[in-house]
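Structure file my_file_13.txt; described as compact mmCIF, C-alpha atoms.
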```txt
# COMPACT_ATOMS: atom_id res chain seq x y z
CA SER A 1 0.00 0.00 0.00
CA PHE A 2 0.97 3.64 -0.30
CA ALA A 3 0.98 3.75 3.50
CA TYR A 4 3.64 1.03 3.61
CA PHE A 5 5.80 2.86 1.07
CA THR A 6 5.43 6.07 3.12
CA ILE A 7 6.53 4.49 6.40
CA LYS A 8 9.27 2.38 4.81
CA ASP A 9 10.83 5.00 2.51
CA ARG A 10 9.48 8.53 2.84
CA LEU A 11 9.44 8.95 6.61
CA PRO A 12 13.05 7.76 7.14
CA GLN A 13 14.10 10.14 4.32
CA ILE A 14 12.36 13.01 6.08
CA LEU A 15 14.04 12.12 9.40
CA THR A 16 17.44 11.96 7.67
CA ARG A 17 16.87 15.44 6.24
CA VAL A 18 15.90 16.77 9.67
CA ILE A 19 19.10 15.34 11.21
CA ASP A 20 21.11 16.82 8.33
CA THR A 21 19.47 20.22 8.83
CA LEU A 22 20.47 20.25 12.51
CA HIS A 23 24.06 19.26 11.58
CA ARG A 24 24.26 22.14 9.13
CA HIS A 25 23.12 24.67 11.73
CA LYS A 26 25.67 23.63 14.34
CA ASN A 27 27.79 26.80 13.90
CA GLU A 28 24.74 29.00 14.08
CA PHE A 29 23.68 27.33 17.35
CA PHE A 30 27.20 27.87 18.70
CA GLU A 31 27.24 31.55 17.70
CA GLU A 32 23.84 32.15 19.28
CA HIS A 33 24.04 30.02 22.38
CA GLY A 34 27.68 28.91 22.82
CA GLU A 35 28.43 25.38 24.04
CA LYS A 36 24.86 24.99 25.31
CA GLY A 37 23.58 25.29 21.73
CA VAL A 38 25.98 22.63 20.46
CA GLU A 39 25.12 20.26 23.32
CA ALA A 40 21.40 20.73 22.62
CA GLU A 41 21.97 20.02 18.92
CA LYS A 42 23.82 16.78 19.77
CA ARG A 43 21.04 15.64 22.10
CA ALA A 44 18.35 16.41 19.51
CA ILE A 45 20.25 14.48 16.81
CA SER A 46 20.72 11.50 19.09
CA PHE A 47 16.97 11.54 19.92
CA LEU A 48 16.10 11.66 16.19
CA SER A 49 18.58 8.93 15.23
CA LYS A 50 17.02 6.69 17.86
CA LEU A 51 13.57 7.58 16.48
CA ARG A 52 14.66 6.63 12.96
CA ASN A 53 15.97 3.31 14.23
CA GLU A 54 12.69 2.57 16.07
CA LEU A 55 10.78 3.29 12.89
CA GLN A 56 12.96 1.17 10.61
CA THR A 57 12.98 -1.82 12.96
CA ASP A 58 9.22 -1.73 13.66
CA LYS A 59 9.55 -1.12 17.40
CA PRO A 60 6.44 -0.59 19.54
CA VAL A 61 5.15 2.97 19.75
CA THR A 62 6.20 4.48 23.08
CA PRO A 63 4.31 7.04 25.17
CA LEU A 64 5.48 10.63 24.97
CA GLU A 65 7.73 11.60 27.86
CA ASP A 66 7.65 15.36 27.46
CA GLU A 67 5.52 17.73 29.49
CA LEU A 68 4.06 19.61 26.51
CA PRO A 69 0.36 20.55 26.76
CA ASP A 70 -0.82 17.86 24.33
CA ALA A 71 1.24 14.94 25.73
CA ALA A 72 -1.59 13.53 27.86
CA LEU A 73 -3.95 13.47 24.88
CA TRP A 74 -1.34 11.66 22.77
CA ASN A 75 -0.79 9.07 25.48
CA GLN A 76 -4.55 8.53 25.91
CA TYR A 77 -4.74 8.00 22.15
CA LEU A 78 -1.98 5.36 22.36
CA ASP A 79 -4.04 3.54 25.02
CA TYR A 80 -7.06 3.75 22.76
CA GLN A 81 -5.02 2.17 19.92
CA ARG A 82 -3.78 -0.57 22.27
CA ASN A 83 -7.33 -1.49 23.25
CA LEU A 84 -8.96 -1.56 19.83
CA PRO A 85 -11.01 -4.78 19.61
CA ASN A 86 -9.62 -5.63 16.15
CA GLY A 87 -6.12 -4.23 16.79
CA ASN A 88 -2.83 -6.03 17.37
CA GLY A 89 -2.61 -5.08 21.03
CA GLU A 90 0.72 -3.25 20.96
CA PRO A 91 0.87 -0.63 18.16
CA SER A 92 4.20 -0.58 16.34
CA TRP A 93 5.48 1.48 13.43
CA PHE A 94 4.29 -0.95 10.74
CA GLN A 95 1.32 -2.41 12.63
CA SER A 96 -0.76 0.70 13.21
CA PRO A 97 -3.07 3.06 11.35
CA TRP A 98 -1.03 5.12 8.91
CA LEU A 99 -2.55 8.47 9.93
CA TYR A 100 -1.67 7.84 13.59
CA ILE A 101 1.93 6.78 12.91
CA GLU A 102 2.67 9.62 10.52
CA CYS A 103 1.31 12.24 12.94
CA TYR A 104 3.20 10.54 15.78
CA MET A 105 6.51 10.86 13.92
CA TYR A 106 6.07 14.63 13.43
CA ARG A 107 5.10 15.02 17.08
CA ARG A 108 8.28 13.17 18.12
CA ILE A 109 10.37 15.43 15.84
CA HIS A 110 8.83 18.36 17.67
CA ALA A 111 9.70 16.79 21.03
CA ALA A 112 13.34 16.31 19.95
CA LEU A 113 13.68 20.10 19.79
CA ALA A 114 11.20 21.15 22.46
CA LEU A 115 13.08 19.04 25.05
CA ASN A 116 16.41 20.62 24.15
CA PRO A 117 16.58 24.32 24.94
CA PRO A 118 18.07 26.70 23.90
CA ILE A 119 17.28 25.39 20.37
CA ASP A 120 13.71 24.46 21.33
CA ASN A 121 12.15 27.06 19.01
CA PHE A 122 14.11 26.02 15.93
CA ASP A 123 11.83 24.96 13.03
CA VAL A 124 13.69 22.17 11.21
CA PHE A 125 11.47 22.66 8.16
CA LYS A 126 11.72 26.44 7.90
CA GLU A 127 14.43 26.51 5.21
CA GLY A 128 12.50 24.20 2.91
CA LYS A 129 9.37 26.30 3.25
CA ALA A 130 11.28 29.50 2.48
CA GLN A 131 12.98 27.88 -0.50
CA ASN A 132 9.63 26.70 -1.86
CA PHE A 133 8.36 30.29 -1.61
CA PHE A 134 11.37 31.81 -3.40
CA GLU A 135 11.43 29.14 -6.11
CA SER A 136 7.76 29.83 -6.83
CA GLN A 137 8.43 33.56 -7.40
CA GLU A 138 7.28 33.64 -11.02
CA ALA A 139 3.99 31.97 -10.18
CA VAL A 140 3.52 34.28 -7.17
CA ILE A 141 4.18 37.37 -9.33
CA ALA A 142 1.75 36.13 -12.00
CA LEU A 143 -0.96 35.51 -9.41
CA CYS A 144 -0.48 38.81 -7.54
CA THR A 145 -0.45 40.73 -10.83
CA TYR A 146 -3.62 39.02 -12.05
CA PHE A 147 -5.32 39.72 -8.75
CA GLN A 148 -4.33 43.39 -8.49
CA GLU A 149 -5.58 43.94 -12.07
CA LEU A 150 -8.85 42.25 -11.11
CA LEU A 151 -9.27 44.52 -8.07
CA LYS A 152 -9.17 47.65 -10.24
CA ASN A 153 -12.64 46.96 -11.61
CA ILE A 154 -14.07 44.46 -9.12
CA LYS A 155 -16.82 46.92 -8.16
CA ASP A 156 -18.12 46.93 -11.74
CA LEU A 157 -18.28 43.16 -12.18
CA GLU A 158 -21.69 41.61 -12.69
CA GLU A 159 -22.71 38.60 -10.66
CA LYS A 160 -21.86 36.15 -13.45
CA GLN A 161 -18.34 37.62 -13.77
CA LEU A 162 -17.82 37.50 -10.01
CA GLN A 163 -18.81 33.85 -10.07
CA GLU A 164 -16.28 33.15 -12.84
CA GLU A 165 -13.51 34.82 -10.84
CA LEU A 166 -14.39 32.92 -7.67
CA LEU A 167 -14.29 29.59 -9.53
CA LYS A 168 -10.95 30.56 -11.06
CA LEU A 169 -9.36 31.41 -7.70
CA LEU A 170 -10.82 28.28 -6.08
CA GLN A 171 -9.04 26.26 -8.77
CA VAL A 172 -5.76 28.11 -8.26
CA SER A 173 -6.04 27.34 -4.54
CA LEU A 174 -6.90 23.70 -5.32
CA TRP A 175 -3.92 23.13 -7.62
CA GLY A 176 -1.68 25.13 -5.29
CA ASN A 177 -2.05 22.06 -3.08
CA LYS A 178 0.31 20.17 -5.41
CA CYS A 179 3.22 22.05 -3.77
CA ASP A 180 3.69 19.75 -0.81
CA LEU A 181 7.08 18.99 0.72
CA SER A 182 6.04 16.04 2.89
CA PHE A 183 4.75 14.35 -0.27
CA SER A 184 8.03 14.83 -2.14
CA ALA A 185 9.99 13.99 1.07
CA GLY A 186 11.39 17.52 0.98
CA GLU A 187 12.46 17.49 -2.68
CA ASP A 188 11.71 20.58 -4.76
CA SER A 189 7.96 20.97 -5.25
CA SER A 190 7.68 24.64 -6.09
CA GLN A 191 5.18 26.08 -8.53
CA LYS A 192 7.26 27.21 -11.51
CA SER A 193 4.73 28.58 -13.98
CA SER A 194 1.64 30.73 -13.72
CA PRO A 195 -1.20 28.43 -12.67
CA LEU A 196 -3.78 30.68 -14.30
CA GLN A 197 -2.87 29.72 -17.85
CA SER A 198 -3.43 26.01 -17.37
CA LEU A 199 -6.73 26.06 -15.45
CA GLU A 200 -8.87 25.26 -18.48
CA SER A 201 -6.85 22.14 -19.28
CA MET A 202 -6.97 20.96 -15.65
CA VAL A 203 -10.77 20.93 -15.30
CA PRO A 204 -11.12 17.28 -16.46
CA TYR A 205 -8.88 16.24 -13.55
CA ILE A 206 -11.29 17.63 -10.94
CA LEU A 207 -13.13 14.40 -10.07
CA VAL A 208 -15.76 16.04 -7.87
CA ASN A 209 -16.49 19.65 -8.71
CA ASP A 210 -18.84 21.37 -6.24
CA MET A 211 -17.58 24.90 -6.89
CA GLU A 212 -21.06 26.07 -7.94
CA LYS A 213 -22.40 25.00 -4.53
CA VAL A 214 -19.73 27.09 -2.79
CA TRP A 215 -20.75 30.07 -4.92
CA SER A 216 -24.49 29.62 -4.16
CA LEU A 217 -23.81 29.35 -0.44
CA LEU A 218 -21.76 32.55 -0.38
CA VAL A 219 -24.20 34.51 -2.54
CA ASN A 220 -27.13 33.47 -0.34
CA ALA A 221 -25.23 34.28 2.84
CA LYS A 222 -24.45 37.73 1.41
CA LYS A 223 -28.10 38.35 0.53
CA ASN A 224 -29.38 37.20 3.91
CA ARG A 225 -26.87 38.99 6.11
CA THR A 226 -28.14 41.60 8.54
CA GLU A 227 -26.48 44.57 10.23
CA ARG A 228 -25.40 42.37 13.11
CA SER A 229 -24.36 39.20 11.30
CA ASN A 230 -21.10 39.07 9.41
CA VAL A 231 -20.45 36.50 6.70
CA ARG A 232 -17.47 34.53 7.94
CA VAL A 233 -15.32 32.09 5.97
CA ASP A 234 -12.72 29.88 7.66
CA LEU A 235 -9.72 28.52 5.77
CA ILE A 236 -8.08 25.50 7.36
CA LEU A 237 -4.63 25.88 5.83
CA ASP A 238 -2.25 23.29 4.46
CA ASN A 239 1.16 24.11 2.95
CA ALA A 240 3.21 27.28 3.20
CA GLY A 241 4.89 28.59 0.03
CA PHE A 242 2.91 29.00 -3.17
CA GLU A 243 -0.17 27.24 -1.82
CA LEU A 244 -0.46 29.72 1.04
CA VAL A 245 -0.20 32.66 -1.39
CA SER A 246 -3.02 31.14 -3.47
CA ASP A 247 -5.12 30.84 -0.29
CA LEU A 248 -4.42 34.46 0.70
CA VAL A 249 -5.46 35.68 -2.76
CA LEU A 250 -8.69 33.68 -2.50
CA ALA A 251 -9.33 35.16 0.97
CA ASP A 252 -8.69 38.70 -0.29
CA PHE A 253 -11.06 38.10 -3.20
CA LEU A 254 -13.80 36.99 -0.79
CA LEU A 255 -13.47 40.28 1.12
CA SER A 256 -13.03 42.54 -1.90
CA SER A 257 -16.05 41.06 -3.68
CA LYS A 258 -18.08 41.38 -0.44
CA LEU A 259 -18.80 37.64 -0.51
CA ALA A 260 -17.35 37.55 3.01
CA ASP A 261 -16.85 40.14 5.76
CA GLU A 262 -14.15 38.27 7.66
CA VAL A 263 -11.80 35.37 7.05
CA TYR A 264 -10.29 33.20 9.78
CA PHE A 265 -7.16 31.23 8.94
CA HIS A 266 -6.31 28.09 10.92
CA GLY A 267 -2.68 26.97 10.94
CA LYS A 268 -0.49 24.55 12.85
CA SER A 269 0.86 25.38 16.31
CA ILE A 270 4.07 23.36 15.72
CA PRO A 271 6.13 22.53 12.59
CA TRP A 272 4.15 19.75 10.89
CA TYR A 273 4.24 17.51 7.81
CA VAL A 274 7.34 19.34 6.53
CA SER A 275 5.60 22.25 4.80
CA ASP A 276 2.45 22.97 6.80
CA THR A 277 1.79 26.61 7.69
CA THR A 278 2.60 27.85 11.20
CA LYS A 279 1.94 31.34 12.53
CA HIS A 280 5.55 32.25 11.76
CA ASP A 281 5.20 31.06 8.14
CA PHE A 282 1.95 32.99 7.76
CA ASN A 283 3.41 36.29 9.01
CA TRP A 284 6.74 35.73 7.23
CA THR A 285 5.01 35.19 3.87
CA ILE A 286 2.97 38.39 4.16
CA LYS A 287 6.11 40.34 5.18
CA GLN A 288 8.11 38.88 2.25
CA LEU A 289 5.39 39.97 -0.16
CA GLY A 290 5.08 43.41 1.43
CA SER A 291 8.80 44.10 1.08
CA ALA A 292 9.17 42.57 -2.42
CA ASN A 293 10.54 44.86 -5.11
CA HIS A 294 7.66 43.95 -7.39
CA MET A 295 4.81 46.45 -7.34
CA TRP A 296 1.88 44.01 -7.27
CA MET A 297 3.51 41.56 -4.88
CA SER A 298 4.22 44.32 -2.39
CA ARG A 299 0.72 45.75 -2.86
CA CYS A 300 -0.73 42.36 -1.90
CA GLY A 301 1.53 42.05 1.14
CA ILE A 302 0.78 45.58 2.38
CA ASN A 303 -2.99 45.12 1.92
CA TRP A 304 -2.88 41.82 3.76
CA GLU A 305 -0.99 43.31 6.71
CA GLY A 306 -3.79 45.88 6.74
CA ASN A 307 -6.47 43.15 6.81
CA LEU A 308 -4.78 41.61 9.87
CA LYS A 309 -4.52 44.98 11.63
CA LYS A 310 -8.16 45.78 10.90
CA GLY A 311 -9.18 42.39 12.24
CA VAL A 312 -11.02 41.31 9.06
CA TRP A 313 -8.36 38.58 8.77
CA VAL A 314 -7.57 36.53 11.86
CA PHE A 315 -4.93 33.80 12.24
CA ARG A 316 -5.57 31.06 14.79
CA ASP A 317 -3.69 27.93 15.69
CA HIS A 318 -4.94 25.15 17.92
CA MET A 319 -3.20 22.00 19.09
CA PHE A 320 -6.06 19.85 17.81
CA TRP A 321 -4.79 20.28 14.23
CA THR A 322 -1.58 18.46 15.23
CA LEU A 323 -3.21 15.58 17.10
CA PRO A 324 -3.72 12.16 15.48
CA HIS A 325 -7.51 12.30 15.89
CA ASP A 326 -9.79 12.52 12.91
CA PHE A 327 -12.23 15.41 12.86
CA SER A 328 -15.28 13.40 13.91
CA SER A 329 -13.84 13.45 17.46
CA MET A 330 -13.23 17.23 17.49
CA SER A 331 -16.44 18.08 19.38
CA GLU A 332 -15.30 15.75 22.17
CA VAL A 333 -11.52 16.36 22.19
CA ALA A 334 -11.52 20.09 21.36
CA PRO A 335 -15.02 21.45 22.05
CA ASP A 336 -13.64 25.03 22.06
CA LEU A 337 -12.39 24.67 18.48
CA TYR A 338 -15.61 22.99 17.35
CA ALA A 339 -17.65 25.85 18.85
CA GLU A 340 -15.40 28.36 17.06
CA LEU A 341 -15.94 26.64 13.68
CA GLN A 342 -19.70 26.64 14.28
CA LYS A 343 -19.62 30.45 13.97
CA SER A 344 -18.55 30.14 10.33
CA ASN A 345 -20.72 30.31 7.21
CA LEU A 346 -18.25 28.17 5.26
CA LEU A 347 -15.23 26.05 6.18
CA LEU A 348 -12.65 25.50 3.44
CA PHE A 349 -10.35 22.58 4.26
CA LYS A 350 -7.12 22.63 2.24
CA GLY A 351 -5.14 19.59 1.28
CA ASP A 352 -4.71 15.90 1.68
CA LEU A 353 -4.10 15.53 5.42
CA ASN A 354 -7.26 17.50 6.20
CA TYR A 355 -9.16 15.26 3.78
CA ARG A 356 -7.82 12.14 5.48
CA LYS A 357 -8.90 13.51 8.85
CA LEU A 358 -12.32 14.53 7.50
CA THR A 359 -12.99 11.01 6.19
CA GLY A 360 -11.27 9.07 8.99
CA ASP A 361 -8.53 7.96 6.54
CA ARG A 362 -10.37 4.74 5.75
CA LYS A 363 -10.33 2.55 2.69
CA TRP A 364 -13.84 3.55 1.64
CA GLU A 365 -15.65 2.40 -1.46
CA TYR A 366 -15.18 5.29 -3.90
CA SER A 367 -18.93 5.91 -4.20
CA VAL A 368 -19.64 6.27 -0.45
CA PRO A 369 -21.20 9.75 0.00
CA PHE A 370 -18.87 12.42 1.41
CA HIS A 371 -21.54 13.27 4.02
CA GLN A 372 -21.45 9.70 5.33
CA ALA A 373 -17.64 9.56 5.48
CA LEU A 374 -17.61 12.76 7.59
CA ASN A 375 -19.10 10.65 10.38
CA LYS A 376 -21.25 13.43 11.90
CA PHE A 377 -18.56 16.12 11.68
CA HIS A 378 -20.77 19.11 10.80
CA PRO A 379 -19.83 22.31 12.62
CA ALA A 380 -20.81 24.34 9.51
CA PRO A 381 -21.13 23.89 5.74
CA LEU A 382 -17.73 22.72 4.55
CA CYS A 383 -15.73 22.15 1.39
CA SER A 384 -12.51 20.20 0.85
CA LEU A 385 -10.03 21.48 -1.76
CA ARG A 386 -7.59 18.66 -2.21
CA THR A 387 -5.25 17.11 -4.75
CA LEU A 388 -5.10 13.33 -4.30
CA LYS A 389 -1.89 12.21 -2.57
CA SER A 390 -3.14 9.28 -0.50
CA ASP A 391 -5.46 6.38 -1.19
CA THR A 392 -8.65 7.62 0.44
CA GLN A 393 -11.40 8.98 -1.77
CA VAL A 394 -15.18 9.13 -1.43
CA GLY A 395 -18.12 10.75 -3.19
CA LEU A 396 -17.30 9.59 -6.72
CA LYS A 397 -19.92 8.50 -9.24
CA PRO A 398 -20.41 4.72 -9.44
CA GLY A 399 -17.62 3.24 -11.59
CA GLN A 400 -15.67 6.52 -11.81
CA GLY A 401 -12.79 5.42 -9.57
CA GLU A 402 -12.57 1.94 -11.09
CA GLN A 403 -12.45 3.42 -14.58
CA ILE A 404 -9.44 5.66 -13.79
CA GLN A 405 -7.78 2.85 -11.81
CA ALA A 406 -7.81 0.64 -14.93
CA SER A 407 -5.58 3.02 -16.91
CA GLU A 408 -3.73 4.82 -14.08
CA PRO A 409 -2.96 2.56 -11.13
CA ASP A 410 -1.35 5.43 -9.17
CA TRP A 411 -4.16 7.97 -9.73
CA MET A 412 -4.90 8.33 -6.02
CA VAL A 413 -1.36 9.26 -5.01
CA SER A 414 0.11 11.17 -7.95
CA GLY A 415 -1.30 14.63 -7.17
CA LYS A 416 -2.64 14.79 -10.75
CA TYR A 417 -6.30 14.65 -9.73
CA GLY A 418 -8.21 16.96 -7.43
CA VAL A 419 -11.59 17.37 -5.75
CA VAL A 420 -13.63 20.35 -4.65
CA GLN A 421 -16.05 18.48 -2.43
CA PHE A 422 -18.87 20.24 -0.58
CA ASP A 423 -21.11 19.18 2.27
CA ALA A 424 -23.93 21.43 3.39
CA GLY A 425 -23.97 19.96 6.89
CA LEU A 426 -27.04 18.87 8.75
```

With the file now loaded, output its structure as structure tokens.
Amino acid sequence: SFAYFTIKDRLPQILTRVIDTLHRHKNEFFEEHGEKGVEAEKRAISFLSKLRNELQTDKPVTPLEDELPDAALWNQYLDYQRNLPNGNGEPSWFQSPWLYIECYMYRRIHAALALNPPIDNFDVFKEGKAQNFFESQEAVIALCTYFQELLKNIKDLEEKQLQEELLKLLQVSLWGNKCDLSFSAGEDSSQKSSPLQSLESMVPYILVNDMEKVWSLLVNAKKNRTERSNVRVDLILDNAGFELVSDLVLADFLLSSKLADEVYFHGKSIPWYVSDTTKHDFNWTIKQLGSANHMWMSRCGINWEGNLKKGVWVFRDHMFWTLPHDFSSMSEVAPDLYAELQKSNLLLFKGDLNYRKLTGDRKWEYSVPFHQALNKFHPAPLCSLRTLKSDTQVGLKPGQGEQIQASEPDWMVSGKYGVVQFDAGL
């Protein structure tokens, strides 16, 4: 299975890169923190080398020994895995649910640093995320330029034209999800060309296309809003780099077209899945754009800083996003986050990991309805924008998945196909 390949090959590669990154920063740690920094680096590397060995030799999963706020929840979850009626008793690296093991590895990487001050705030994935951003410059410039040109006459657009622009930017955000460093095990995955030119040719690869439903929902919300009720859209983010820029453009369009009054962004509270967006990545990206020596890039960055200052854009992180639980247990495990999402008119979930957590990462029949796979997770109407990079997919027409499978055995993991999948909720 793809899960087996991930645990056997990709995860050890990612760990090796993390160890290598720490090695390369040794001098920097020394300059900043003296001998303490070097000692901390050695301890972190030894912790990670041990972790890699546990993984490669299929050792049992061990409880977390750190005192971080989420440790108790992780250890409860390990007990839950141990006591599954159809489980193997003692979860190990190759005898456990893929979603759990993959999340567990990233949490252990975090512990390797968190337990070793003074380098406990070092993001081992930061360089890769920055590189992805800089290598996607041309695509970022093309997108910012397109968007700033669009803003000049957005007030004069008729409803039909607004709809066309929304669908366009939803697609850019969807295909932006191809730029994923955990998927390429940290290899280059930047967006080289302008995504806008190829949208037309990519439409056939959108296997479920509910963009019209997203449009109807937003238009109706706009028509029914009162003085006191704002239309709120929440974006549950995935990767930093080009994908994040495509999400920020979409969010700005929602405000500028008055389809939304406020946008909440949800990121990760710790470095996660190599390229996932943290608060630092979010702010860094907007600053990079604002100070760029390209007129439209800097205009975007400056406007977006303004949106944050005005409070019409809000960034939130919550530890639930970096737990191994799927979203159907959110109301129980993180009732505060669930209540927050209930205030939204529309939740946009970006990317593959969010899709796996929405659907419980099960091997569903392709034609099982999306609503059913969500397993009662319905804080608000929601839509998943995701390119397929793992073998979980629901909501297809009967025979659709089998038909593609016949000619393209790797269709579920190649990132070539995408879905824009909507569920209206209750």

Practice item. Find the residues near range 120-134 of chain A: any atom within 9 Å, counting only C-alpha atoms, skip ones fewer than 6 places away on the same chain, and give them as a ChimeraX atom specification. Key: /A:17-19,21-22,40,109-114,140,179,181,186-191,239-242,245,270-277,281,285

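Ranking A:Thr392, A:Gln342, A:Thr322, A:Ser46 by their shortest atom-to-atom distance to Arg362 in chain A, with all atoms listed in the file included, puts A:Thr392 first.
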
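Distances here use only C-alpha atoms; by that measure, the residue among A:Ile45, A:Leu84, A:Leu323, A:Val214 closest to Asn116 in chain A is A:Ile45.
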
Review point. Of the candidates A:Ala139, A:Leu15, A:Val419, A:Val394, which one gets nearest to Glu243 in chain A if we count all atoms listed in the file?
Key: A:Ala139

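Minimum atom-to-atom distances from A:Leu353, A:Leu143, A:Met319, A:Met211 to Val172 in chain A were compared using only C-alpha atoms, and the lowest value belongs to A:Leu143.
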
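The protein and nucleic acid residues lying at most 8 Å from Glu41 in chain A are Leu22, His23, Lys26, Phe29, Gly37, Val38, Ala44, Ile45, Asn116 and Ile119 of chain A, with all atoms listed in the file considered and sequence neighbours fewer than 3 positions away removed.
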
Output C-alpha atoms for every residue in the selection just made, as a PDB file, keeping the file's coordinate frame.
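Done, and the output landed in part19.pdb:
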```pdb
ATOM      1  CA  LEU A  22      20.470  20.250  12.510  1.00  0.00           C
ATOM      2  CA  HIS A  23      24.060  19.260  11.580  1.00  0.00           C
ATOM      3  CA  LYS A  26      25.670  23.630  14.340  1.00  0.00           C
ATOM      4  CA  PHE A  29      23.680  27.330  17.350  1.00  0.00           C
ATOM      5  CA  GLY A  37      23.580  25.290  21.730  1.00  0.00           C
ATOM      6  CA  VAL A  38      25.980  22.630  20.460  1.00  0.00           C
ATOM      7  CA  ALA A  44      18.350  16.410  19.510  1.00  0.00           C
ATOM      8  CA  ILE A  45      20.250  14.480  16.810  1.00  0.00           C
ATOM      9  CA  ASN A 116      16.410  20.620  24.150  1.00  0.00           C
ATOM     10  CA  ILE A 119      17.280  25.390  20.370  1.00  0.00           C
TER      11      ILE A 119
END
```

Exercise for review: For Arg225 in chain A, work out the shell of residues within 12 Å, counting all atoms listed in the file and skipping chain neighbours fewer than 6 positions away, then give it as a list of chain:residue names.
Suggested key: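 Residues near the query, excluding close chain neighbours: A:Leu218, A:Val219, A:Val231, A:Arg232, A:Lys258, A:Leu259, A:Ala260, A:Asp261, A:Asn345.
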
Point to revise | Pick from A:Asn230, A:Gln405, A:Ser173, A:Ser291, whichever lies nearest to Thr387 in chain A using all atoms listed in the file | key: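 Closest to Thr387 in chain A of all the choices is A:Ser173.
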